[in-house]
Structures are given as structure tokens and as C-alpha cells.
>>> print(open('coords.txt').read())   # compact mmCIF, C-alpha atoms
# COMPACT_ATOMS: atom_id res chain seq x y z
CA MET R 26 9.55 86.86 -149.30
CA THR R 27 12.36 85.13 -151.12
CA PHE R 28 12.06 81.91 -153.15
CA ARG R 29 14.98 79.67 -153.72
CA GLN R 30 15.02 77.28 -156.61
CA GLU R 31 17.00 74.10 -156.21
CA ARG R 32 18.14 72.05 -159.17
CA THR R 33 17.06 68.40 -159.01
CA PRO R 34 19.74 65.93 -159.96
CA TRP R 35 19.05 64.12 -163.22
CA ASP R 36 19.45 60.37 -163.44
CA PRO R 37 20.39 59.36 -166.98
CA SER R 38 19.25 55.79 -166.40
CA ALA R 39 15.71 56.77 -165.33
CA ARG R 40 12.83 56.02 -167.74
CA VAL R 41 11.52 59.05 -169.54
CA GLN R 42 7.72 59.45 -169.25
CA ILE R 43 6.05 61.38 -172.02
CA THR R 44 2.82 63.04 -171.01
CA PRO R 45 0.50 63.99 -173.93
CA LEU R 46 -0.53 67.58 -174.11
CA PRO R 47 -4.28 68.19 -173.49
CA GLU R 48 -6.38 69.33 -176.43
CA THR R 49 -7.07 73.00 -176.39
CA GLU R 50 -10.56 74.46 -176.70
CA LEU R 51 -9.76 75.56 -180.21
CA ALA R 52 -8.89 72.03 -181.26
CA GLU R 53 -12.08 70.66 -179.69
CA THR R 54 -14.15 73.29 -181.42
CA GLN R 55 -12.53 72.46 -184.70
CA LEU R 56 -13.30 68.77 -184.21
CA LEU R 57 -16.97 69.44 -183.43
CA THR R 58 -17.30 71.72 -186.39
CA ALA R 59 -15.76 69.24 -188.73
CA ARG R 60 -18.14 66.45 -187.61
CA PRO R 61 -20.51 65.54 -190.50
CA PRO R 62 -24.24 66.19 -189.97
CA GLU R 63 -26.52 63.28 -189.13
CA PRO R 64 -28.56 61.89 -192.00
CA PRO R 65 -32.34 62.55 -191.77
CA GLU R 66 -33.18 58.87 -191.27
CA ARG R 67 -30.90 58.63 -188.21
CA ARG R 68 -32.19 61.72 -186.43
CA PRO R 69 -34.47 61.26 -183.41
CA ARG R 70 -38.20 61.22 -184.20
CA ALA R 71 -38.89 64.01 -181.70
CA ARG R 72 -37.00 66.48 -183.90
CA ARG R 73 -39.33 65.92 -186.80
CA THR R 74 -42.68 65.80 -184.93
CA SER R 75 -42.42 68.29 -182.11
CA ASP R 76 -45.92 69.72 -182.69
CA PRO R 77 -48.66 67.54 -181.10
CA GLN R 78 -51.15 68.62 -183.75
CA ALA R 79 -48.80 67.36 -186.47
CA GLN R 80 -48.81 63.89 -184.93
CA ARG R 81 -52.61 63.44 -185.16
CA PRO R 82 -54.44 65.94 -187.37
CA PRO R 83 -58.13 66.42 -186.45
CA GLY R 84 -60.42 63.95 -188.17
CA LYS R 85 -57.73 61.70 -189.63
CA ALA R 86 -57.94 58.94 -187.01
CA THR R 87 -61.77 58.88 -187.11
CA ALA R 88 -62.28 58.62 -190.88
CA ALA R 89 -63.57 55.05 -190.56
CA LEU R 90 -66.16 56.14 -187.99
CA PHE R 91 -67.43 58.86 -190.32
CA VAL R 92 -67.73 56.37 -193.16
CA LEU R 93 -69.55 53.92 -190.87
CA ALA R 94 -71.96 56.61 -189.69
CA THR R 95 -72.73 57.65 -193.27
CA VAL R 96 -73.37 54.06 -194.33
CA ALA R 97 -75.58 53.57 -191.28
CA CYS R 98 -77.68 56.59 -192.28
CA VAL R 99 -78.15 55.28 -195.82
CA ALA R 100 -78.98 51.78 -194.55
CA GLY R 101 -81.39 53.21 -191.98
CA LEU R 102 -83.10 55.26 -194.67
CA ALA R 103 -83.60 52.18 -196.83
CA ALA R 104 -84.84 50.13 -193.87
CA THR R 105 -87.31 52.87 -192.88
CA TYR R 106 -88.73 52.95 -196.38
CA PHE R 107 -89.10 49.20 -196.77
CA PHE R 108 -90.68 48.62 -193.35
CA PHE R 109 -93.05 51.57 -193.09
CA VAL R 110 -93.98 51.75 -196.77
CA ARG R 111 -93.66 48.23 -198.19
CA THR R 112 -94.97 46.11 -195.29
CA THR R 113 -98.47 45.80 -193.83
CA THR R 114 -97.35 46.21 -190.22
CA GLY R 115 -95.30 49.28 -190.97
CA GLN R 116 -98.08 50.90 -192.98
CA PHE R 117 -100.60 50.23 -190.22
CA ILE R 118 -98.43 51.78 -187.48
CA ASP R 119 -97.47 54.77 -189.61
CA GLU R 120 -100.98 55.46 -190.89
CA SER R 121 -102.58 54.98 -187.44
CA ALA R 122 -100.31 57.63 -185.96
CA LEU R 123 -101.30 60.02 -188.75
CA VAL R 124 -105.03 59.39 -188.37
CA GLU R 125 -105.02 59.69 -184.59
CA ALA R 126 -103.33 63.10 -184.85
CA VAL R 127 -106.83 64.46 -185.58
CA GLU R 128 -107.54 64.21 -181.85
CA LEU R 129 -105.01 67.00 -181.26
CA SER R 130 -106.12 69.25 -184.10
CA GLY R 131 -107.43 71.99 -181.81
CA THR R 132 -105.29 74.79 -180.47
CA VAL R 133 -102.15 72.71 -180.81
CA GLY R 134 -102.93 72.06 -184.45
CA LYS R 135 -103.34 75.76 -185.20
CA ALA R 136 -100.02 76.53 -183.52
CA ALA R 137 -98.35 73.76 -185.50
CA THR R 138 -99.84 75.10 -188.73
CA LYS R 139 -98.51 78.57 -188.01
CA LEU R 140 -95.07 77.14 -187.25
CA LEU R 141 -95.06 75.19 -190.50
CA ASP R 142 -96.04 78.29 -192.47
CA TRP R 143 -93.05 80.20 -191.09
CA LEU R 144 -90.65 77.29 -191.02
CA PRO R 145 -88.97 77.66 -194.45
CA ALA R 146 -88.20 81.34 -193.96
CA LEU R 147 -87.26 80.83 -190.29
CA SER R 148 -84.83 78.03 -191.09
CA VAL R 149 -83.14 79.98 -193.87
CA VAL R 150 -82.89 83.17 -191.79
CA ILE R 151 -81.34 81.46 -188.74
CA ALA R 152 -78.87 79.45 -190.81
CA SER R 153 -77.96 82.45 -192.98
CA ILE R 154 -77.24 84.69 -189.99
CA VAL R 155 -74.92 82.14 -188.39
CA VAL R 156 -73.23 81.25 -191.68
CA VAL R 157 -72.56 84.88 -192.59
CA PHE R 158 -71.38 85.72 -189.07
CA VAL R 159 -68.99 82.80 -188.79
CA THR R 160 -67.75 83.03 -192.38
CA ILE R 161 -66.93 86.73 -192.29
CA LEU R 162 -65.75 87.02 -188.70
CA ARG R 163 -63.75 83.79 -188.58
CA ARG R 164 -62.94 83.65 -192.33
CA ARG R 165 -64.13 80.06 -192.71
CA TRP R 166 -64.92 80.37 -196.39
CA SER R 167 -64.17 76.78 -197.29
CA ALA R 168 -66.22 75.40 -194.40
CA ALA R 169 -69.18 77.60 -195.33
CA GLY R 170 -69.07 76.43 -198.92
CA ILE R 171 -69.03 72.76 -197.92
CA ALA R 172 -71.85 73.17 -195.39
CA ILE R 173 -74.08 75.08 -197.80
CA ALA R 174 -73.45 72.55 -200.58
CA ALA R 175 -74.38 69.66 -198.27
CA CYS R 176 -77.49 71.50 -197.09
CA VAL R 177 -78.65 72.15 -200.64
CA GLY R 178 -77.83 68.58 -201.64
CA ALA R 179 -79.95 67.12 -198.83
CA ASN R 180 -82.98 69.22 -199.79
CA VAL R 181 -82.62 68.45 -203.49
CA ALA R 182 -82.26 64.73 -202.74
CA THR R 183 -85.47 64.87 -200.69
CA GLN R 184 -87.47 66.17 -203.64
CA ILE R 185 -85.85 63.67 -205.99
CA LEU R 186 -86.72 60.76 -203.70
CA LYS R 187 -90.32 61.92 -203.50
CA ASP R 188 -90.55 61.69 -207.28
CA LEU R 189 -88.47 58.56 -207.84
CA LEU R 190 -89.78 56.31 -205.07
CA PRO R 191 -92.85 54.32 -206.12
CA VAL R 192 -96.24 55.07 -204.62
CA ARG R 193 -97.30 53.30 -201.45
CA PRO R 194 -98.50 49.81 -202.42
CA TYR R 195 -101.81 48.55 -201.11
CA ARG R 196 -101.23 46.20 -198.17
CA GLY R 197 -104.75 46.12 -196.75
CA VAL R 198 -104.35 49.51 -195.04
CA GLU R 199 -106.50 52.42 -196.15
CA THR R 200 -103.99 55.16 -196.92
CA LEU R 201 -103.08 57.66 -199.56
CA GLU R 202 -100.98 56.12 -202.30
CA LEU R 203 -99.02 59.34 -202.78
CA ASN R 204 -95.45 59.00 -201.55
CA SER R 205 -94.62 61.51 -198.82
CA LEU R 206 -91.25 60.12 -197.69
CA PRO R 207 -89.03 61.90 -196.71
CA SER R 208 -90.49 65.06 -195.14
CA GLY R 209 -89.35 68.19 -196.94
CA HIS R 210 -90.10 70.52 -194.01
CA THR R 211 -88.08 68.35 -191.63
CA THR R 212 -85.21 68.10 -194.09
CA LEU R 213 -85.07 71.87 -194.38
CA ALA R 214 -85.06 72.38 -190.61
CA ALA R 215 -82.60 69.58 -189.85
CA SER R 216 -80.15 70.54 -192.62
CA ALA R 217 -80.16 74.19 -191.54
CA ALA R 218 -79.45 73.16 -187.95
CA ALA R 219 -76.72 70.79 -189.14
CA ALA R 220 -75.05 73.54 -191.19
CA VAL R 221 -74.84 75.72 -188.10
CA PHE R 222 -73.48 72.78 -186.12
CA LEU R 223 -70.69 72.23 -188.64
CA LEU R 224 -69.59 75.85 -188.86
CA VAL R 225 -69.23 76.64 -185.17
CA SER R 226 -66.08 75.66 -183.29
CA PRO R 227 -66.02 72.37 -181.33
CA ARG R 228 -66.58 74.01 -177.95
CA TRP R 229 -69.92 75.40 -179.23
CA ARG R 230 -71.10 72.20 -180.93
CA PRO R 231 -72.70 70.49 -177.89
CA LEU R 232 -74.99 73.49 -177.38
CA ALA R 233 -75.60 73.95 -181.11
CA GLY R 234 -76.39 70.27 -181.46
CA TYR R 235 -78.95 70.31 -178.67
CA LEU R 236 -80.69 73.48 -179.86
CA GLY R 237 -80.64 72.41 -183.50
CA GLY R 238 -81.82 68.90 -182.67
CA THR R 239 -84.68 70.28 -180.57
CA PHE R 240 -85.69 72.59 -183.41
CA ALA R 241 -85.67 69.70 -185.91
CA VAL R 242 -87.61 67.39 -183.56
CA ALA R 243 -90.22 70.08 -182.91
CA THR R 244 -90.59 70.57 -186.64
CA GLY R 245 -91.08 66.87 -187.24
CA VAL R 246 -93.70 66.57 -184.50
CA SER R 247 -95.49 69.61 -185.92
CA THR R 248 -95.77 67.97 -189.34
CA LEU R 249 -97.39 64.95 -187.68
CA ILE R 250 -99.82 67.03 -185.62
CA ASN R 251 -100.80 68.98 -188.70
CA GLN R 252 -101.22 65.69 -190.62
CA TRP R 253 -98.73 66.69 -193.25
CA HIS R 254 -96.41 63.73 -192.76
CA ARG R 255 -96.27 60.35 -191.08
CA PRO R 256 -93.61 59.55 -188.44
CA ALA R 257 -91.57 57.49 -190.92
CA ASP R 258 -91.34 60.51 -193.24
CA VAL R 259 -89.73 62.53 -190.45
CA VAL R 260 -87.31 59.77 -189.46
CA ALA R 261 -86.30 59.34 -193.12
CA ALA R 262 -85.58 63.08 -193.32
CA PHE R 263 -83.25 62.86 -190.30
CA LEU R 264 -81.36 59.98 -191.86
CA LEU R 265 -81.08 61.69 -195.25
CA VAL R 266 -79.65 64.84 -193.67
CA GLY R 267 -77.14 62.73 -191.76
CA ALA R 268 -76.02 60.99 -194.95
CA PHE R 269 -75.10 64.38 -196.45
CA MET R 270 -73.87 66.29 -193.42
CA ILE R 271 -71.60 63.66 -191.85
CA PRO R 272 -69.13 63.42 -194.76
CA ALA R 273 -69.35 67.19 -195.21
CA GLY R 274 -68.41 67.62 -191.57
CA TRP R 275 -65.40 65.38 -191.98
CA LEU R 276 -64.20 67.49 -194.90
CA ILE R 277 -64.64 70.65 -192.84
CA ILE R 278 -62.59 69.20 -189.98
CA ARG R 279 -59.82 68.07 -192.32
CA ARG R 280 -59.66 71.41 -194.15
CA GLY R 281 -59.75 73.46 -190.95
CA PRO R 282 -57.42 71.72 -188.47
CA ARG R 283 -56.42 74.97 -186.77
CA TRP R 284 -59.89 75.91 -185.48
CA ASN R 285 -61.32 72.39 -185.10
CA VAL R 286 -59.69 71.94 -181.71
CA TRP R 287 -61.05 72.14 -178.17
CA ASP R 288 -60.22 71.28 -174.58
CA GLY R 289 -62.96 68.67 -174.09
CA TYR R 290 -66.31 68.69 -172.33
CA GLY R 291 -66.62 71.25 -169.56
CA GLY R 292 -63.93 73.57 -170.86
CA HIS R 293 -66.60 76.10 -171.89
CA TRP R 294 -70.20 76.59 -170.81
CA ALA R 295 -71.41 75.71 -174.33
CA SER R 296 -69.52 72.40 -174.18
CA ALA R 297 -70.88 71.32 -170.79
CA ARG R 298 -72.03 67.72 -170.55
CA VAL R 299 -75.54 68.86 -169.71
CA TRP R 300 -76.16 69.54 -173.41
CA VAL R 301 -75.50 65.86 -174.07
CA LEU R 302 -77.34 64.64 -170.98
CA LEU R 303 -80.57 66.49 -171.81
CA PRO R 304 -81.21 64.79 -175.20
CA VAL R 305 -80.26 61.42 -173.69
CA LEU R 306 -82.79 61.79 -170.87
CA THR R 307 -85.45 63.08 -173.28
CA GLY R 308 -84.89 60.14 -175.60
CA LEU R 309 -85.14 57.66 -172.73
CA ALA R 310 -88.38 59.27 -171.56
CA ALA R 311 -89.75 59.07 -175.11
CA ALA R 312 -88.82 55.39 -175.25
CA GLY R 313 -90.78 54.82 -172.04
CA VAL R 314 -93.81 56.62 -173.49
CA ALA R 315 -93.61 54.58 -176.69
CA ALA R 316 -93.40 51.30 -174.75
CA TYR R 317 -96.38 52.25 -172.56
CA ALA R 318 -98.43 53.37 -175.58
CA LEU R 319 -97.80 50.17 -177.54
CA LEU R 320 -98.42 47.92 -174.53
CA SER R 321 -101.75 49.63 -173.89
CA ILE R 322 -103.05 48.50 -177.30
CA GLY R 323 -105.47 45.61 -177.04
CA PRO R 324 -104.87 42.19 -178.61
CA SER R 325 -107.14 42.97 -181.55
CA GLY R 326 -105.42 46.25 -182.26
CA GLN R 327 -108.76 48.07 -182.37
CA ILE R 328 -108.51 51.03 -180.01
CA SER R 329 -110.19 54.38 -179.62
CA THR R 330 -107.27 56.20 -178.03
CA ILE R 331 -104.22 57.96 -179.47
CA SER R 332 -101.67 55.33 -178.54
CA TYR R 333 -100.20 55.10 -182.03
CA PHE R 334 -99.89 58.87 -182.19
CA TRP R 335 -97.83 58.93 -178.99
CA ALA R 336 -95.78 56.01 -180.24
CA GLY R 337 -95.10 57.83 -183.52
CA THR R 338 -94.24 61.05 -181.72
CA SER R 339 -91.85 59.16 -179.46
CA LEU R 340 -90.22 57.60 -182.52
CA ILE R 341 -89.55 61.07 -183.93
CA ILE R 342 -88.07 62.27 -180.64
CA ILE R 343 -85.89 59.20 -180.24
CA ALA R 344 -84.57 59.38 -183.82
CA GLY R 345 -83.90 63.12 -183.66
CA TYR R 346 -82.09 63.12 -180.34
CA LEU R 347 -80.21 59.92 -181.15
CA ALA R 348 -78.82 61.68 -184.22
CA THR R 349 -77.99 64.70 -182.06
CA VAL R 350 -76.06 62.74 -179.43
CA THR R 351 -74.26 60.67 -182.06
CA GLY R 352 -73.21 63.77 -183.98
CA VAL R 353 -71.93 65.59 -180.90
CA TRP R 354 -69.96 62.51 -179.80
CA LEU R 355 -68.51 61.82 -183.24
CA PHE R 356 -67.41 65.37 -183.97
CA GLY R 357 -66.09 65.82 -180.45
CA LEU R 358 -63.99 62.70 -180.89
CA ALA R 359 -62.67 63.89 -184.25
CA ALA R 360 -61.70 67.38 -183.05
CA GLY R 361 -58.11 67.92 -182.00
CA GLN R 362 -57.09 68.55 -178.40
CA VAL R 363 -55.80 72.03 -177.69
CA SER R 364 -52.99 72.43 -175.18
CA SER R 365 -52.49 76.12 -174.53
CA SER R 366 -55.35 78.04 -176.10
CA GLY R 367 -58.92 77.12 -176.83
CA GLY R 368 -60.65 77.03 -180.18
CA GLN R 369 -62.25 80.15 -181.56
>>> encode(input="coords.txt", output="C-alpha cells")
Amino acid sequence: MTFRQERTPWDPSARVQITPLPETELAETQLLTARPPEPPERRPRARRTSDPQAQRPPGKATAALFVLATVACVAGLAATYFFFVRTTTGQFIDESALVEAVELSGTVGKAATKLLDWLPALSVVIASIVVVFVTILRRRWSAAGIAIAACVGANVATQILKDLLPVRPYRGVETLELNSLPSGHTTLAASAAAAVFLLVSPRWRPLAGYLGGTFAVATGVSTLINQWHRPADVVAAFLLVGAFMIPAGWLIIRRGPRWNVWDGYGGHWASARVWVLLPVLTGLAAAGVAAYALLSIGPSGQISTISYFWAGTSLIIIAGYLATVTGVWLFGLAAGQVSSSGGQ
């Protein structure tokens, strides 16, 4: 094949059009390289906060709720003391529940006495096993130190309050003047259960809260059956433990943001909603028993039944499980949300 090239005639009067040469890739690369970097304040926000956990660290957004819960525990402790110790009505209800516990001092009383004898050692053994296991296996040294310090502080504060609070004043109710508020046995059981609750990961806390709350409630009821403490003493112990353990739990969450994460209720069998539903239903049933027991009391208040005992027992159950549900909800809300892998 042959190509023939023909020369085009050139018109000197025609306008000359100058076409600019396109920029080569080398020139474009040089221009991009020479472009100055963007200042930090003008960069997009997504470049600086790509990690979801860095946007909302566990516990930071719920600090006000933890403070409110701690203040509520302290206020509830003061209100329990003033009503059940300093007023006639409170003394009568509290003392009547203690006196009527004699009606159940048969086989149940012996079982309660045996439980109380083993309670200090049992509480320490259970809490120690869990603390050692979690601390060594998961290396949560800081969390263990905070939980143990709060546990010791709650028990020491209980003994101090027993000595510092004045004796029960006479308000027309025959009762021992010796101050027994708060209950030392209940404080020991509740603080040990709370220490375990704080050290386990969030997905285990609903189960740990229910089991620990049940153990603390059973201990409180046992002290009443054995006539060691009045119902108000047990309720005061729950509130005192909460006042120490709630701020300690917030510190643990803030110092351990990597393991204080979970995927919400139902992500693990130990975080199923049934562990929250059971204490709620038990507390509602106890409220019904308390209402029936108080309504069955005659107008004069002179009765030969054990209505005040059942009312006092129901008060212990309601207070213990209310603290359980509140703690599970609060710590579940404070824990971070995991996206790809669950907490340990």
C-alpha cells in the first residue's frame, strides 16, 4: 500500500491559531507534589476521629448519672435512718417486723443461723476466687485494686456508722437502744457481690448482678429471721454499698475502656434480658405482698399475725432488687458498644 502526501497551500493572510500544548503527566505530578499540605484545623473531622470508641469513651457521657446515683444512695441512707430510727412510726414498723420474726424461728431460723455463721467466710471466698481469676487471667490489676478498696471502704464505714450514730431515742416503742444500723453482715455480702459485678465484663454483668443481688437479699432476710437486724438496717447496708461501689465502678469503666464494651442485651447468654426481668418481677411480687400485709392490719394496729414481718421482708427484697436492676441498667448504659468483636 502506497501513501501519497499532498502539500496544502498556505494562505499568508489567514489567522494563525495557537493551540496550547497539554500538560504532561510529569508536570501534573510535579504540581501535586508541590501543593502545600492542609493545616490541621482545615482537615475533615473524619480524619481525626475514625475510631468509634474515640468519639465516645465508655463512661464519659454517663458521668452525671453516676454522680446522681451516688447522691441518691447517700440521701436514701440518711432518709432511712431518720424515718426508721428517729420517728415513732418508723420505729414501730421496724421493731414490729423484728419481734414477729420469732414466729419463724423454727427450722427456718436454724438454717438462717447456719447461713449467718458461714456468711463472712463464704463471701470472702467467692469474691476472692473471682477477683483472682479475673485479675490474673484478664490482667485487670487496676480494676481489682479499685473494687477491693471500695469493698473495704464500705465495710469500714459500716462499723464507723455503728459507733458514731447516736443510740435509738425513745419514741414510745419498746426497743433496744443499741444502734444496729447498718447491717454488717449484709454489707459484707452486698459489697462482695458488687466487687464481682464490677470486675466481670459487661456481657456478664446482668447475670452477675442477678446472682449477687439474690445472695445479698437472702443474707438480709436471714438477718431478720434470726433477729439480728431490723429491715431498715438491711436497707441501709444496701444504700451504703451503693454509695461506695457506684463511683468505684465509674473509675473502673474509665480506666478500662478496651474491655468495658459489649454488644447489648441478648448478645450473650449471660446478658439476656431474663436476668433483668427476674428481679423486676420478684420486686413487683414483693410489693404486692407488702401492700396486702399492711392492708390486713386492723385500725388499732394491734394484730396477732406476722404482717409486719412480711412487710419488712418485702422491703428488703424490693430495695435489694431495685439496686440490682438500677446497677445493671446504669453500667450497661455506660459501657461502650463493640462493633466487630465482643468484650472479654
>>> atom_distance(input="coords.txt", atom1="atom CA of R:Thr138", atom2="atom CA of R:Ala243")
12.3 Å
>>> residues_around(input="coords.txt", residues="R:Asp119", least_positions_apart="4", cutoff="12 Å", atoms="all atoms listed in the file", output="number ranges by chain")
R: 105-106, 108-115, 123-126, 193, 198-201, 205-206, 249, 252, 254-260, 332-338, 340-341
>>> write_last_selection(input="coords.txt", atoms="C-alpha atoms", output="short mmCIF file (atom, residue, chain, number, x, y, z; two decimals), in the coordinates of the input")
data_model
loop_
_atom_site.label_atom_id
_atom_site.label_comp_id
_atom_site.auth_asym_id
_atom_site.auth_seq_id
_atom_site.Cartn_x
_atom_site.Cartn_y
_atom_site.Cartn_z
CA THR R 105 -87.31 52.87 -192.88
CA TYR R 106 -88.73 52.95 -196.38
CA PHE R 108 -90.68 48.62 -193.35
CA PHE R 109 -93.05 51.57 -193.09
CA VAL R 110 -93.98 51.75 -196.77
CA ARG R 111 -93.66 48.23 -198.19
CA THR R 112 -94.97 46.11 -195.29
CA THR R 113 -98.47 45.80 -193.83
CA THR R 114 -97.35 46.21 -190.22
CA GLY R 115 -95.30 49.28 -190.97
CA LEU R 123 -101.30 60.02 -188.75
CA VAL R 124 -105.03 59.39 -188.37
CA GLU R 125 -105.02 59.69 -184.59
CA ALA R 126 -103.33 63.10 -184.85
CA ARG R 193 -97.30 53.30 -201.45
CA VAL R 198 -104.35 49.51 -195.04
CA GLU R 199 -106.50 52.42 -196.15
CA THR R 200 -103.99 55.16 -196.92
CA LEU R 201 -103.08 57.66 -199.56
CA SER R 205 -94.62 61.51 -198.82
CA LEU R 206 -91.25 60.12 -197.69
CA LEU R 249 -97.39 64.95 -187.68
CA GLN R 252 -101.22 65.69 -190.62
CA HIS R 254 -96.41 63.73 -192.76
CA ARG R 255 -96.27 60.35 -191.08
CA PRO R 256 -93.61 59.55 -188.44
CA ALA R 257 -91.57 57.49 -190.92
CA ASP R 258 -91.34 60.51 -193.24
CA VAL R 259 -89.73 62.53 -190.45
CA VAL R 260 -87.31 59.77 -189.46
CA SER R 332 -101.67 55.33 -178.54
CA TYR R 333 -100.20 55.10 -182.03
CA PHE R 334 -99.89 58.87 -182.19
CA TRP R 335 -97.83 58.93 -178.99
CA ALA R 336 -95.78 56.01 -180.24
CA GLY R 337 -95.10 57.83 -183.52
CA THR R 338 -94.24 61.05 -181.72
CA LEU R 340 -90.22 57.60 -182.52
CA ILE R 341 -89.55 61.07 -183.93
#
>>> residues_around(input="coords.txt", residues="stretch 173-184 of chain R", least_positions_apart="6", cutoff="6 Å", atoms="all atoms listed in the file", output="number ranges by chain")
R: 216, 266, 269-270
>>> closest_residue(input="coords.txt", among="R:Val149, R:Ala348, R:Val246, R:Ala218", to="R:Val305", atoms="all atoms listed in the file")
R:Ala348
>>> closest_residue(input="coords.txt", among="R:Ala214, R:Val99, R:Arg163, R:Arg196", to="R:Leu141", atoms="all atoms listed in the file")
R:Ala214
>>> closest_residue(input="coords.txt", among="R:Ala262, R:Ile271, R:Ala168, R:Ile322", to="R:Gly352", atoms="only C-alpha atoms")
R:Ile271
>>> residues_around(input="coords.txt", residues="R:Leu224", least_positions_apart="3", cutoff="8 Å", atoms="only C-alpha atoms", output="list of chain:residue names")
R:Val156, R:Val159, R:Arg165, R:Ala168, R:Ala169, R:Ala172, R:Ala220, R:Val221
>>> residues_around(input="coords.txt", residues="stretch 289-293 of chain R", least_positions_apart="6", cutoff="10 Å", atoms="only C-alpha atoms", output="list in words")
Pro227, Arg228, Trp229, Pro231, Val299, Trp300, Val301, Gly357, Leu358, Ala360, Gly361, Gln362, Val363 and Gly367 of chain R
>>> atom_distance(input="coords.txt", atom1="atom CA of R:Phe91", atom2="atom CA of R:Leu223")
13.9 Å
>>> residues_around(input="coords.txt", residues="R:Leu276", least_positions_apart="3", cutoff="9 Å", atoms="only C-alpha atoms", output="list in words")
Gly84, Ala168, Ile171, Ile271, Pro272, Ala273, Arg279, Arg280 and Gly281 of chain R
>>> closest_residue(input="coords.txt", among="R:Ala88, R:Ala94, R:Leu162, R:Ile331", to="R:Ala122", atoms="all atoms listed in the file")
R:Ile331
